[in-house]
$ cat coords_39.tsv   # TSV, C-alpha atoms
chain	number	residue	atom	x	y	z
A	505	MET	CA	-38.29	12.45	51.97
A	506	SER	CA	-37.09	10.29	49.11
A	507	LYS	CA	-35.21	11.83	46.20
A	508	GLY	CA	-38.14	11.23	43.78
A	509	TYR	CA	-40.43	13.50	45.80
A	510	GLN	CA	-38.09	16.36	46.67
A	511	ASN	CA	-39.22	18.54	43.76
A	512	ALA	CA	-42.95	18.07	44.30
A	513	GLU	CA	-44.75	21.23	45.37
A	514	THR	CA	-47.76	19.46	46.87
A	515	ILE	CA	-48.31	15.87	47.91
A	516	ALA	CA	-51.73	14.62	48.96
A	517	VAL	CA	-52.34	11.18	50.41
A	518	ILE	CA	-55.87	9.84	50.24
A	519	ASP	CA	-56.30	6.88	52.52
A	520	GLY	CA	-59.31	4.70	53.02
A	521	ALA	CA	-59.71	2.25	55.88
A	522	ASP	CA	-60.93	-0.48	53.57
A	523	GLY	CA	-59.34	0.50	50.28
A	524	PRO	CA	-56.09	1.34	48.55
A	525	THR	CA	-54.07	4.42	49.32
A	526	GLY	CA	-53.68	7.04	46.60
A	527	ILE	CA	-50.78	9.46	46.41
A	528	PHE	CA	-51.10	12.54	44.22
A	529	MET	CA	-48.22	14.89	43.46
A	530	VAL	CA	-48.74	18.32	41.96
A	531	GLY	CA	-46.02	20.51	40.53
A	532	GLY	CA	-42.34	19.79	40.62
A	533	LYS	CA	-39.99	19.15	37.74
A	534	ARG	CA	-40.90	16.92	34.84
A	535	SER	CA	-38.39	14.93	32.88
A	536	VAL	CA	-37.38	16.00	29.37
A	537	LYS	CA	-39.09	12.92	27.99
A	538	VAL	CA	-42.39	13.85	29.67
A	539	ARG	CA	-42.16	17.48	28.52
A	540	ILE	CA	-41.53	16.36	24.91
A	541	LYS	CA	-44.44	13.92	25.08
A	542	ASP	CA	-46.70	16.68	26.46
A	543	TYR	CA	-45.59	19.06	23.70
A	544	PHE	CA	-46.54	16.59	20.95
A	545	TYR	CA	-49.84	15.75	22.67
A	546	ARG	CA	-50.77	19.46	22.87
A	547	LYS	CA	-49.79	19.86	19.20
A	548	LYS	CA	-51.98	16.89	18.29
A	549	GLN	CA	-54.84	18.37	20.34
A	550	LYS	CA	-54.64	21.66	18.41
A	551	ASN	CA	-54.71	19.83	15.07
A	552	VAL	CA	-57.62	17.62	16.11
A	553	ALA	CA	-59.53	20.60	17.56
A	554	LYS	CA	-59.37	22.35	14.18
A	555	LYS	CA	-61.09	19.36	12.54
A	556	ILE	CA	-64.01	19.11	14.98
A	557	VAL	CA	-67.26	19.97	13.23
A	558	VAL	CA	-70.12	21.56	15.16
A	559	GLY	CA	-73.21	19.37	15.34
A	560	THR	CA	-74.89	17.43	18.12
A	561	HIS	CA	-77.07	14.42	18.68
A	562	THR	CA	-78.97	13.33	21.80
A	563	LEU	CA	-77.97	10.30	23.84
A	564	GLU	CA	-80.97	8.42	22.46
A	565	GLU	CA	-79.84	9.20	18.91
A	566	VAL	CA	-76.32	7.97	19.77
A	567	LEU	CA	-77.74	4.73	21.16
A	568	GLN	CA	-79.92	4.22	18.09
A	569	TYR	CA	-76.87	4.88	15.89
A	570	ALA	CA	-74.85	2.32	17.90
A	571	LYS	CA	-77.66	-0.22	17.51
A	572	ASN	CA	-78.06	0.34	13.77
A	573	THR	CA	-74.38	0.66	12.90
A	574	TYR	CA	-72.66	-1.73	15.32
A	575	GLY	CA	-75.42	-4.02	16.56
A	576	ALA	CA	-75.35	-2.69	20.13
A	577	THR	CA	-77.82	-4.36	22.45
A	578	GLU	CA	-78.98	-3.54	25.95
A	579	SER	CA	-76.94	-5.46	28.50
A	580	ASP	CA	-77.97	-7.13	31.74
A	581	TYR	CA	-74.80	-5.70	33.28
A	582	LYS	CA	-75.62	-3.10	35.94
A	583	VAL	CA	-73.30	-0.37	37.17
A	584	ASN	CA	-73.34	-0.04	40.96
A	585	ASP	CA	-76.65	-1.93	41.01
A	586	ILE	CA	-78.54	1.28	40.23
A	587	PRO	CA	-80.39	0.45	37.01
A	588	GLU	CA	-82.58	3.56	37.14
A	589	ILE	CA	-79.52	5.80	36.80
A	590	THR	CA	-77.32	3.89	34.41
A	591	ARG	CA	-78.16	1.82	31.37
A	592	VAL	CA	-75.53	-0.35	29.75
A	593	PHE	CA	-75.35	-1.38	26.11
A	594	GLU	CA	-72.81	-3.76	24.65
A	595	ILE	CA	-71.18	-4.55	21.36
A	596	LYS	CA	-69.75	-8.04	21.24
A	597	GLU	CA	-67.06	-9.31	18.90
A	598	GLY	CA	-66.13	-12.89	19.63
A	599	GLU	CA	-65.33	-13.03	23.33
A	600	ASP	CA	-64.60	-9.29	23.52
A	601	PHE	CA	-67.00	-6.58	24.65
A	602	LEU	CA	-67.40	-2.83	24.31
A	603	TYR	CA	-69.72	-1.33	26.92
A	604	ILE	CA	-71.61	1.92	26.53
A	605	GLU	CA	-72.70	3.22	29.93
A	606	VAL	CA	-75.43	5.85	29.81
A	607	ASP	CA	-76.13	8.01	32.87
A	608	ASP	CA	-79.62	9.35	32.29
A	609	ILE	CA	-79.48	11.67	35.32
A	610	ALA	CA	-76.25	13.43	34.26
A	611	GLY	CA	-77.10	13.16	30.57
A	612	ALA	CA	-73.73	11.63	29.71
A	613	PHE	CA	-72.23	8.42	28.45
A	614	GLY	CA	-68.93	6.63	28.70
A	615	ILE	CA	-67.39	3.76	26.81
A	616	SER	CA	-65.13	1.00	28.09
A	617	PHE	CA	-63.73	-1.96	26.23
A	618	SER	CA	-61.10	-4.63	26.24
A	619	GLY	CA	-60.04	-7.43	23.99
A	620	SER	CA	-57.42	-8.81	21.70
A	621	LYS	CA	-55.13	-6.42	19.85
A	622	GLY	CA	-57.20	-6.43	16.65
A	623	THR	CA	-60.53	-6.07	18.44
A	624	PHE	CA	-59.09	-3.37	20.69
A	625	LYS	CA	-58.19	-1.27	17.64
A	626	ARG	CA	-61.66	-1.80	16.19
A	627	PHE	CA	-63.26	-0.80	19.50
A	628	GLN	CA	-61.10	2.36	19.58
A	629	GLU	CA	-62.50	3.32	16.17
A	630	ILE	CA	-66.08	2.63	17.34
A	631	ASN	CA	-65.39	4.75	20.44
A	632	LYS	CA	-64.17	7.66	18.27
A	633	ASP	CA	-67.11	7.28	15.91
A	634	LEU	CA	-69.72	7.32	18.70
A	635	TYR	CA	-68.20	10.37	20.40
A	636	THR	CA	-67.95	12.15	17.05
A	637	TYR	CA	-71.57	11.31	16.29
A	638	TYR	CA	-72.61	12.65	19.74
A	639	GLY	CA	-70.84	15.85	18.69
A	640	VAL	CA	-70.44	19.27	20.24
A	641	SER	CA	-72.03	22.68	19.92
A	642	GLU	CA	-70.32	26.02	19.40
A	643	LYS	CA	-71.05	26.74	23.05
A	644	ASP	CA	-69.33	23.48	24.10
A	645	ILE	CA	-66.21	24.52	22.19
A	646	ALA	CA	-66.23	28.10	23.48
A	647	GLU	CA	-66.65	26.98	27.11
A	648	ASN	CA	-64.37	23.92	26.92
A	649	SER	CA	-67.28	21.89	28.27
A	650	VAL	CA	-66.93	18.32	29.50
A	651	ARG	CA	-68.65	17.18	26.31
A	652	TYR	CA	-66.05	18.99	24.16
A	653	LEU	CA	-63.07	17.88	26.26
A	654	SER	CA	-64.31	14.27	26.19
A	655	LEU	CA	-64.55	14.34	22.40
A	656	LEU	CA	-61.13	15.94	22.09
A	657	GLY	CA	-59.58	13.39	24.46
A	658	VAL	CA	-61.09	10.43	22.61
A	659	LEU	CA	-60.02	11.75	19.21
A	660	CYS	CA	-56.46	12.31	20.47
A	661	SER	CA	-56.08	8.79	21.85
$ encode --input "coords_39.tsv" --output "structure tokens"
Amino acid sequence: MSKGYQNAETIAVIDGADGPTGIFMVGGKRSVKVRIKDYFYRKKQKNVAKKIVVGTHTLEEVLQYAKNTYGATESDYKVNDIPEITRVFEIKEGEDFLYIEVDDIAGAFGISFSGSKGTFKRFQEINKDLYTYYGVSEKDIAENSVRYLSLLGVLCS
């Protein structure tokens, strides 16, 4: 076993006949740099968590907000060619796009974007705004729900 893996407690290899191989390592020692980075991220999470205000909106309200505030429009882009499960909305700035993918079955949404440095920063702010508008309930916070953890993750990025 190579020196880089000797401290790993568990290694799992996921291999697909027609796809890439994934290697996951759990446990083991982390470098000082990684531990310091984790410490500051956890500190940032605690500070951000204190600022989260309870209040929720439905997915339809979030989409209407995105349309009214940012000019989001429904996209022809389909995720996995299953239009009845996922709807996609887009916000376009120049040649750059932000996509809002809405899974009506799971009752969740996700945002992806790319672009130039300036547009990327703007899309990050839109991402934070839409997740904040979607909001969380007291129950979400108490249970560390996916909705709460998603908001926290976006606000910490």
$ residues_around --input "coords_39.tsv" --residues "A:Phe613" --least-positions-apart "4" --cutoff "9 Å" --atoms "only C-alpha atoms" --output "mmCIF file with C-alpha atoms, keeping the file's coordinate frame"
data_model
loop_
_atom_site.group_PDB
_atom_site.id
_atom_site.type_symbol
_atom_site.label_atom_id
_atom_site.label_comp_id
_atom_site.auth_asym_id
_atom_site.auth_seq_id
_atom_site.Cartn_x
_atom_site.Cartn_y
_atom_site.Cartn_z
ATOM 1 C CA LEU A 563 -77.970 10.300 23.840
ATOM 2 C CA ILE A 604 -71.610 1.920 26.530
ATOM 3 C CA GLU A 605 -72.700 3.220 29.930
ATOM 4 C CA VAL A 606 -75.430 5.850 29.810
ATOM 5 C CA ASP A 607 -76.130 8.010 32.870
ATOM 6 C CA ASP A 608 -79.620 9.350 32.290
#
$ atom_distance --input "coords_39.tsv" --atom1 "atom CA of A:Tyr574" --atom2 "atom CA of A:Leu659"
18.9 Å
$ atom_distance --input "coords_39.tsv" --atom1 "atom CA of A:Thr636" --atom2 "atom CA of A:Gly598"
25.2 Å
$ residues_around --input "coords_39.tsv" --residues "A:Ala553" --least-positions-apart "5" --cutoff "10 Å" --atoms "all atoms listed in the file" --output "list in words"
Lys547, Lys548, Ile645, Tyr652, Leu653, Leu655, Leu656, Gly657, Leu659 and Cys660 of chain A
$ atom_distance --input "coords_39.tsv" --atom1 "atom CA of A:Glu565" --atom2 "atom CA of A:Asp633"
13.2 Å
$ closest_residue --input "coords_39.tsv" --among "A:Tyr603, A:Glu597, A:Ile556, A:Ser661" --to "A:Ser579" --atoms "all atoms listed in the file"
A:Tyr603
